[in-house]
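**Student:** Just one file: work36.pdb, with PDB, C-alpha atoms.
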```
MODEL        1
ATOM      1  CA  MET A   1      -1.607  26.547   1.605
ATOM      2  CA  ASP A   2      -3.008  26.215   5.101
ATOM      3  CA  ARG A   3      -0.928  25.510   8.194
ATOM      4  CA  ARG A   4      -2.328  22.011   8.665
ATOM      5  CA  GLN A   5      -1.280  21.024   5.150
ATOM      6  CA  GLU A   6       2.158  22.584   5.620
ATOM      7  CA  ILE A   7       2.607  20.511   8.779
ATOM      8  CA  LEU A   8       1.498  17.325   7.007
ATOM      9  CA  GLU A   9       3.962  17.917   4.176
ATOM     10  CA  ALA A  10       6.780  18.705   6.595
ATOM     11  CA  ALA A  11       6.027  15.603   8.654
ATOM     12  CA  ALA A  12       5.912  13.418   5.528
ATOM     13  CA  LYS A  13       9.309  14.805   4.535
ATOM     14  CA  SER A  14      10.745  14.157   7.999
ATOM     15  CA  PHE A  15       9.328  10.608   8.189
ATOM     16  CA  THR A  16      10.738   9.924   4.702
ATOM     17  CA  LEU A  17      14.194  11.218   5.613
ATOM     18  CA  PHE A  18      14.541   9.949   9.176
ATOM     19  CA  GLY A  19      11.838   7.316   9.689
ATOM     20  CA  TYR A  20       9.145   7.346  12.339
ATOM     21  CA  LYS A  21      11.313   6.632  15.362
ATOM     22  CA  ALA A  22      13.902   9.333  14.629
ATOM     23  CA  THR A  23      11.403  12.024  13.660
ATOM     24  CA  THR A  24      10.626  14.544  16.370
ATOM     25  CA  MET A  25       7.940  17.180  16.543
ATOM     26  CA  GLU A  26      10.760  19.747  16.741
ATOM     27  CA  GLN A  27      12.065  18.572  13.341
ATOM     28  CA  VAL A  28       8.588  18.755  11.834
ATOM     29  CA  ALA A  29       8.099  22.277  13.238
ATOM     30  CA  LYS A  30      11.444  23.389  11.825
ATOM     31  CA  ILE A  31      10.711  21.950   8.356
ATOM     32  CA  ALA A  32       7.200  23.460   8.388
ATOM     33  CA  ASN A  33       8.574  26.758   9.677
ATOM     34  CA  VAL A  34       6.041  26.865  12.500
ATOM     35  CA  GLY A  35       6.252  26.739  16.264
ATOM     36  CA  LYS A  36       6.010  23.312  17.879
ATOM     37  CA  GLY A  37       2.823  24.449  19.626
ATOM     38  CA  THR A  38       1.185  25.076  16.260
ATOM     39  CA  ILE A  39       1.555  21.397  15.410
ATOM     40  CA  TYR A  40      -0.257  20.443  18.607
ATOM     41  CA  THR A  41      -3.231  22.625  17.670
ATOM     42  CA  PHE A  42      -3.831  20.254  14.757
ATOM     43  CA  PHE A  43      -2.377  16.941  15.988
ATOM     44  CA  ALA A  44      -2.347  15.733  19.587
ATOM     45  CA  ASN A  45       0.868  13.750  19.143
ATOM     46  CA  LYS A  46       3.342  12.306  16.661
ATOM     47  CA  GLU A  47       1.404   9.050  16.291
ATOM     48  CA  ILE A  48      -1.798  10.823  15.207
ATOM     49  CA  LEU A  49       0.200  12.918  12.754
ATOM     50  CA  PHE A  50       1.813   9.721  11.443
ATOM     51  CA  GLN A  51      -1.584   8.002  11.088
ATOM     52  CA  GLU A  52      -2.884  10.936   9.039
ATOM     53  CA  ILE A  53       0.087  10.746   6.686
ATOM     54  CA  ALA A  54      -0.296   6.982   6.351
ATOM     55  CA  MET A  55      -3.936   7.344   5.351
ATOM     56  CA  SER A  56      -3.022   9.934   2.734
ATOM     57  CA  LEU A  57      -0.513   7.403   1.426
ATOM     58  CA  VAL A  58      -3.325   4.835   1.181
ATOM     59  CA  ARG A  59      -5.576   7.289  -0.661
ATOM     60  CA  GLU A  60      -2.781   8.055  -3.118
ATOM     61  CA  MET A  61      -2.105   4.353  -3.714
ATOM     62  CA  GLN A  62      -5.803   3.606  -4.194
ATOM     63  CA  ALA A  63      -6.139   6.490  -6.654
ATOM     64  CA  GLU A  64      -3.316   5.034  -8.729
ATOM     65  CA  ALA A  65      -4.938   1.584  -8.628
ATOM     66  CA  ASP A  66      -8.348   3.053  -9.528
ATOM     67  CA  ALA A  67      -6.753   4.783 -12.523
ATOM     68  CA  VAL A  68      -5.791   1.433 -14.089
ATOM     69  CA  LEU A  69      -9.208  -0.181 -13.615
ATOM     70  CA  ASP A  70     -11.235  -0.511 -16.799
ATOM     71  CA  ALA A  71     -14.956  -1.338 -16.556
ATOM     72  CA  SER A  72     -14.802  -3.164 -19.884
ATOM     73  CA  ALA A  73     -11.757  -5.279 -18.914
ATOM     74  CA  SER A  74     -11.915  -8.729 -17.388
ATOM     75  CA  PHE A  75     -11.634  -9.367 -13.681
ATOM     76  CA  MET A  76      -8.254 -10.986 -14.278
ATOM     77  CA  ASP A  77      -6.839  -7.963 -16.126
ATOM     78  CA  ASN A  78      -8.217  -5.475 -13.602
ATOM     79  CA  ALA A  79      -7.039  -7.486 -10.594
ATOM     80  CA  HIS A  80      -3.579  -7.936 -12.096
ATOM     81  CA  ASN A  81      -3.227  -4.268 -13.098
ATOM     82  CA  ALA A  82      -4.467  -2.959  -9.738
ATOM     83  CA  LEU A  83      -2.245  -5.282  -7.699
ATOM     84  CA  MET A  84       0.814  -4.506  -9.809
ATOM     85  CA  LYS A  85       0.161  -0.764  -9.542
ATOM     86  CA  MET A  86      -0.182  -0.939  -5.745
ATOM     87  CA  LEU A  87       2.977  -3.015  -5.377
ATOM     88  CA  GLN A  88       4.909  -0.705  -7.707
ATOM     89  CA  PHE A  89       3.692   2.237  -5.628
ATOM     90  CA  ARG A  90       4.837   0.423  -2.496
ATOM     91  CA  GLU A  91       8.342  -0.048  -3.898
ATOM     92  CA  LYS A  92       8.793   3.383  -5.507
ATOM     93  CA  HIS A  93       7.234   5.701  -2.926
ATOM     94  CA  LEU A  94      10.070   6.925  -0.715
ATOM     95  CA  LEU A  95       8.035   7.186   2.491
ATOM     96  CA  PHE A  96       6.595   3.707   2.033
ATOM     97  CA  ALA A  97      10.072   2.330   1.355
ATOM     98  CA  LYS A  98      11.425   4.051   4.495
ATOM     99  CA  LEU A  99       8.614   2.585   6.605
ATOM    100  CA  LEU A 100       9.242  -0.916   5.268
ATOM    101  CA  GLU A 101      12.947  -0.531   6.005
ATOM    102  CA  GLU A 102      12.299   0.737   9.558
ATOM    103  CA  GLU A 103       9.852  -2.046  10.312
ATOM    104  CA  LYS A 104      12.314  -4.663   9.063
ATOM    105  CA  GLU A 105      15.326  -3.235  10.923
ATOM    106  CA  LEU A 106      13.892  -1.668  14.083
ATOM    107  CA  ARG A 107      10.490  -3.324  14.473
ATOM    108  CA  THR A 108       8.972  -0.006  15.560
ATOM    109  CA  PRO A 109       5.454  -0.807  16.884
ATOM    110  CA  ALA A 110       3.853   2.358  15.447
ATOM    111  CA  VAL A 111       5.306   1.584  12.015
ATOM    112  CA  LYS A 112       4.113  -2.032  12.191
ATOM    113  CA  GLN A 113       0.635  -0.800  13.117
ATOM    114  CA  VAL A 114       0.551   1.614  10.164
ATOM    115  CA  LEU A 115       1.795  -1.033   7.722
ATOM    116  CA  VAL A 116      -0.911  -3.430   8.921
ATOM    117  CA  ARG A 117      -3.504  -0.684   8.489
ATOM    118  CA  ILE A 118      -2.261   0.030   4.963
ATOM    119  CA  GLU A 119      -2.374  -3.679   4.103
ATOM    120  CA  ASN A 120      -5.919  -3.909   5.460
ATOM    121  CA  GLU A 121      -6.955  -0.989   3.256
ATOM    122  CA  VAL A 122      -5.388  -2.659   0.214
ATOM    123  CA  LEU A 123      -7.141  -5.923   1.066
ATOM    124  CA  SER A 124     -10.432  -4.073   1.410
ATOM    125  CA  PHE A 125      -9.901  -2.481  -2.018
ATOM    126  CA  VAL A 126      -9.193  -5.860  -3.667
ATOM    127  CA  THR A 127     -12.051  -7.541  -1.785
ATOM    128  CA  GLU A 128     -14.485  -4.956  -3.158
ATOM    129  CA  LEU A 129     -13.135  -5.538  -6.670
ATOM    130  CA  ILE A 130     -13.680  -9.285  -6.295
ATOM    131  CA  GLN A 131     -17.125  -8.899  -4.744
ATOM    132  CA  ARG A 132     -18.310  -6.632  -7.580
ATOM    133  CA  ARG A 133     -17.257  -9.271 -10.118
ATOM    134  CA  ILE A 134     -18.964 -12.037  -8.119
ATOM    135  CA  ASP A 135     -22.143  -9.938  -8.065
ATOM    136  CA  LYS A 136     -21.893  -9.480 -11.855
ATOM    137  CA  GLY A 137     -21.579 -13.231 -12.306
ATOM    138  CA  GLU A 138     -18.133 -12.935 -13.894
ATOM    139  CA  ILE A 139     -16.324 -15.041 -11.305
ATOM    140  CA  ARG A 140     -17.300 -17.904  -9.030
ATOM    141  CA  ASP A 141     -18.899 -17.237  -5.695
ATOM    142  CA  CYS A 142     -16.049 -17.351  -3.189
ATOM    143  CA  ASP A 143     -14.890 -15.786   0.039
ATOM    144  CA  ALA A 144     -13.763 -12.470  -1.478
ATOM    145  CA  GLU A 145     -11.760 -11.492   1.595
ATOM    146  CA  LEU A 146      -9.723 -14.707   1.625
ATOM    147  CA  VAL A 147      -9.149 -14.607  -2.134
ATOM    148  CA  SER A 148      -7.985 -10.979  -1.906
ATOM    149  CA  PHE A 149      -5.518 -12.002   0.814
ATOM    150  CA  LEU A 150      -4.281 -14.895  -1.326
ATOM    151  CA  LEU A 151      -3.840 -12.654  -4.376
ATOM    152  CA  LEU A 152      -2.083  -9.858  -2.484
ATOM    153  CA  LYS A 153       0.329 -12.163  -0.690
ATOM    154  CA  ALA A 154       1.055 -14.197  -3.813
ATOM    155  CA  TYR A 155       1.676 -11.082  -5.901
ATOM    156  CA  LEU A 156       3.868  -9.667  -3.141
ATOM    157  CA  ALA A 157       5.871 -12.900  -3.102
ATOM    158  CA  PHE A 158       6.519 -12.825  -6.848
ATOM    159  CA  VAL A 159       7.015  -9.072  -7.262
ATOM    160  CA  VAL A 160       9.053  -8.300  -4.124
ATOM    161  CA  ASP A 161      10.193 -11.409  -2.271
ATOM    162  CA  TRP A 162      11.381 -13.322  -5.331
ATOM    163  CA  HIS A 163      13.715 -10.462  -6.256
ATOM    164  CA  GLU A 164      15.051 -10.184  -2.697
ATOM    165  CA  LEU A 165      15.719 -13.922  -2.455
ATOM    166  CA  HIS A 166      16.867 -14.717  -5.994
ATOM    167  CA  GLY A 167      18.263 -11.395  -7.222
ATOM    168  CA  ASP A 168      16.298 -11.367 -10.452
ATOM    169  CA  ILE A 169      12.958  -9.870 -11.398
ATOM    170  CA  ILE A 170      10.162 -11.974 -12.832
ATOM    171  CA  PRO A 171       8.715 -10.215 -15.890
ATOM    172  CA  GLU A 172       5.186  -8.920 -15.359
ATOM    173  CA  GLU A 173       3.844 -10.963 -18.279
ATOM    174  CA  LYS A 174       5.217 -14.150 -16.722
ATOM    175  CA  ILE A 175       3.541 -13.306 -13.413
ATOM    176  CA  LEU A 176       0.227 -12.680 -15.178
ATOM    177  CA  ASN A 177       0.487 -15.968 -17.088
ATOM    178  CA  LEU A 178       1.281 -17.870 -13.895
ATOM    179  CA  PHE A 179      -1.769 -16.436 -12.141
ATOM    180  CA  LYS A 180      -3.923 -16.879 -15.246
ATOM    181  CA  GLU A 181      -3.106 -20.599 -15.332
ATOM    182  CA  THR A 182      -3.579 -21.125 -11.597
ATOM    183  CA  ILE A 183      -5.589 -18.835  -9.348
ATOM    184  CA  PHE A 184      -7.542 -16.885 -11.990
ATOM    185  CA  ARG A 185      -8.453 -20.092 -13.829
ATOM    186  CA  GLY A 186     -10.133 -21.352 -10.669
ATOM    187  CA  LEU A 187     -12.136 -18.141 -10.257
ATOM    188  CA  ILE A 188     -13.339 -17.471 -13.788
ATOM    189  CA  LEU A 189     -16.694 -18.940 -14.763
ATOM    190  CA  THR A 190     -16.468 -20.870 -18.017
TER     191      THR A 190
ENDMDL
END
```
Once more with this new file: its structure as structure tokens, please.

**Tutor:**
Amino acid sequence: MDRRQEILEAAAKSFTLFGYKATTMEQVAKIANVGKGTIYTFFANKEILFQEIAMSLVREMQAEADAVLDASASFMDNAHNALMKMLQFREKHLLFAKLLEEEKELRTPAVKQVLVRIENEVLSFVTELIQRRIDKGEIRDCDAELVSFLLLKAYLAFVVDWHELHGDIIPEEKILNLFKETIFRGLILT
């Protein structure tokens, strides 16, 4: 493994354990077993290192979402499966969970910026999915960017927020049926 990759893995571990604010370049160097100066040969500062790790998180999440897409499946099934996979990733990935916790508790600007960037990447992914299905004539012509925002935020509300507010989890099938009878019904050409 090359030094750059070792540093990235060490930094991801440190950010996961301590959060962005409490992570220092000294900690990363110690975990990576390199001198602090070695880190600066690859990354100018902690924020750039953090951005790189965040983008690898996005790539990993998108790969998981891509893996559940099926060219022969309907838009509704693909959109549902991809959104659920990304939200499950968001909840189960330790670094992502730590970042969400830090943003909620400490309001760290760098963490907020990274979370917004991750959300924008997710929205871009869903927008492309919608636009491809519009182009195929499978769903109505619509503003793909706004619909992707609506879908992401609505799924987030039912998958994450509902549980936090009400203490129970809505079964995935119930979520799919709710969206099928509301939002997806309005998009699908009949």

**Student:** Please indicate the distance in Å from CA of Lys46 in chain A to CA of Met25 in chain A, rounded to one decimal place.

**Tutor:**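 That distance, rounded to one decimal, is 6.7 Å.
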
**Student:** Near range 119-136 of chain A, within 8 Å and counting all atoms listed in the file, which residues show up once chain neighbours fewer than 4 positions away are dropped, as JSON, numbers by chain?

**Tutor:** {"A": [58, 62, 75, 79, 115, 140, 141, 142, 144, 145, 147, 148, 149, 152]}

**Student:** Can you list what the PyMOL selection byres ((chain A and resi 68) around 10) grabs from this structure, as a ChimeraX atom specification?

**Tutor:** /A:63-67,69-71,77-85

**Student:** Separation of CA of Phe15 in chain A and CA of Glu101 in chain A, in Å?

**Tutor:** 11.9 Å

**Student:** List the neighbours of range 161-176 of chain A out to 12 Å using only C-alpha atoms; skip same-chain residues closer than 2 positions along the sequence, and give me the result as a list in words.

**Tutor:**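 So the residues in contact are Met76, Asp77, Asn78, Ala79, His80, Asn81, Leu83, Met84, Lys85, Leu87, Gln88, Glu91, Leu151, Lys153, Ala154, Tyr155, Leu156, Ala157, Phe158, Val159, Leu178, Phe179, Lys180, Glu181, Thr182, Ile183, Phe184 and Arg185 of chain A.
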
**Student:** Please determine, counting only C-alpha atoms, which residue among A:Ala22, A:Leu187, A:Glu138, A:Val34 has the shortest atom-to-atom distance to Ala73 in chain A.

**Tutor:**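 Among the listed residues, A:Glu138 lies closest to Ala73 in chain A.
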
**Student:** So that I can check the surroundings of Thr16 in chain A, please list as a VMD selection string every protein, DNA and RNA residue that reaches within 8 Å of it, counting only C-alpha atoms and ignoring chain neighbours fewer than 3 positions away.

**Tutor:** chain A and resid 12 to 13 19 94 to 96 98 to 99

**Student:** If we count all atoms listed in the file and set the cut-off at 9 Å, which residues sit around Ala10 in chain A, ignoring sequence neighbours fewer than 6 positions away in its own chain? Please answer as a list in words.

**Tutor:**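 My reading of the contact set: Gln27, Val28, Ala29, Lys30, Ile31, Ala32 and Asn33 of chain A.
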
**Student:** List every protein, DNA or RNA residue that has at least one atom no more than 6 Å from (7.6, 22.2, 21.1) in the file's coordinates, counting only C-alpha atoms, and write the result as a ChimeraX atom specification.

**Tutor:** /A:26,36-37

**Student:** My list of candidates is A:His93, A:Gln113, A:Gly186, A:Ile118. Which is closest to Ile139 in chain A when distances are computed with only C-alpha atoms?

**Tutor:** A:Gly186

**Student:** Expressed in Å to a single decimal, how great is the separation between CA of Ile7 in chain A and CA of Ile39 in chain A?

**Tutor:**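 A separation of 6.8 Å between them.
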